[in-house]
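Worksheet: the structure to be examined is printed underneath.
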Amino acid sequence: MDNPALSALAGRVRAHAAGRDGRYLLGIAGPPGAGKSTLSVALRDVLNREAGAPVAEVAPMDGYHLTNAVLRARESLARKGEPDTFDAAGFLANLRLLRDSPVGVAVPWPVFDRALDDPTPAGVVFDRQTIAIVEGNYLLLDDAAGRPWSAVRRLLDECWYLDAPRDVLAKRLLHRHLNGGRTPAAAQVKVRESDLRNADLVAATKSRADLVLRQRGGRYEPVDL
């Protein structure tokens, strides 16, 4: 089914990516539970369908979660999802590869497997794609906990922010954790003491985005800051 809002966003990406020799990197930032993955996949699919070829692919930041084994050893598993529980240096290194590698040279990218609750190496491989849709919470973050997050924005050609009301985020995140096997009590604690704190941290970066969007029904609408 045609979605005029997504087609308009895809047209913006095509216009900004046109005429480049290398790969165009679009960031989609936002708090946990905002729907970044859903928007990224939908945008990729529209771009590929309208081009008649696989010109775009998604590069999720979640592939750079530190493993549960590492977090457990650091006694940080309960804080999983906070800025210092990611391999920020590895994320930056692969972003540079996406920017600097000639189109046609393979760049493997890890993804996050929710069933395993751990990253999977080389879950996606960029090759001929000329557009990388990089999605994650902390794309607009300043340096935090010794991690060089501020360098991420400089590697992106453009970055959008997907917003959502806090109560909507809380409901979605609670549902996510219950589906992941947490007890209702444990899910509530995770949402209240970790996820929503992360959401507040991410919300402070909204003003740095080139475009702020909010989903209303099946549409993605620009929001004035």
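Residues in the structure tokens are named by chain (A, B, ... in the order shown) and by number from 1 within that chain; ligands are numbered from 1 in the order shown.
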
Backbone-only DSSP, strand (DSSP E or B) members of range 9-199 of chain A, as JSON, numbers by chain: {"A": [24, 25, 26, 27, 28, 29, 56, 57, 58, 59, 60, 65, 86, 107, 108, 109, 110, 111, 112, 113, 118, 119, 120, 121, 122, 123, 124, 125, 126, 131, 132, 133, 134, 135, 136, 144, 147, 158, 159, 160, 161, 162, 163]}

All residues 9 Å or closer to range 19-28 of chain A, only C-alpha atoms, same chain fewer than 4 positions away omitted, as JSON, numbers by chain: {"A": [13, 15, 36, 37, 39, 40, 95, 98, 99, 100, 101, 102, 103, 129, 130, 131, 132, 133, 134, 135, 136, 137, 139, 153, 155, 156, 157, 158, 159, 160, 161, 162]}

Contacts of Gly181 in chain A at 12 Å (only C-alpha atoms; same-chain gap of 5+ positions) as a PyMOL selection string: chain A and resi 114-117+174-176+186-187

Option closest in space to Arg214 in chain A, from A:Ala164, A:Ala17, A:Leu178, A:Leu71 [counting only C-alpha atoms]: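 Looking only at the distances to Arg214 in chain A, the closest residue turns out to be A:Ala164.
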
Among the residues A:Ala88, A:Ala93, A:Ala106, A:Leu77, the one that comes closest to Asp118 in chain A [using only C-alpha atoms]: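 Residue with the minimum atom-to-atom distance to Asp118 in chain A: A:Leu77.
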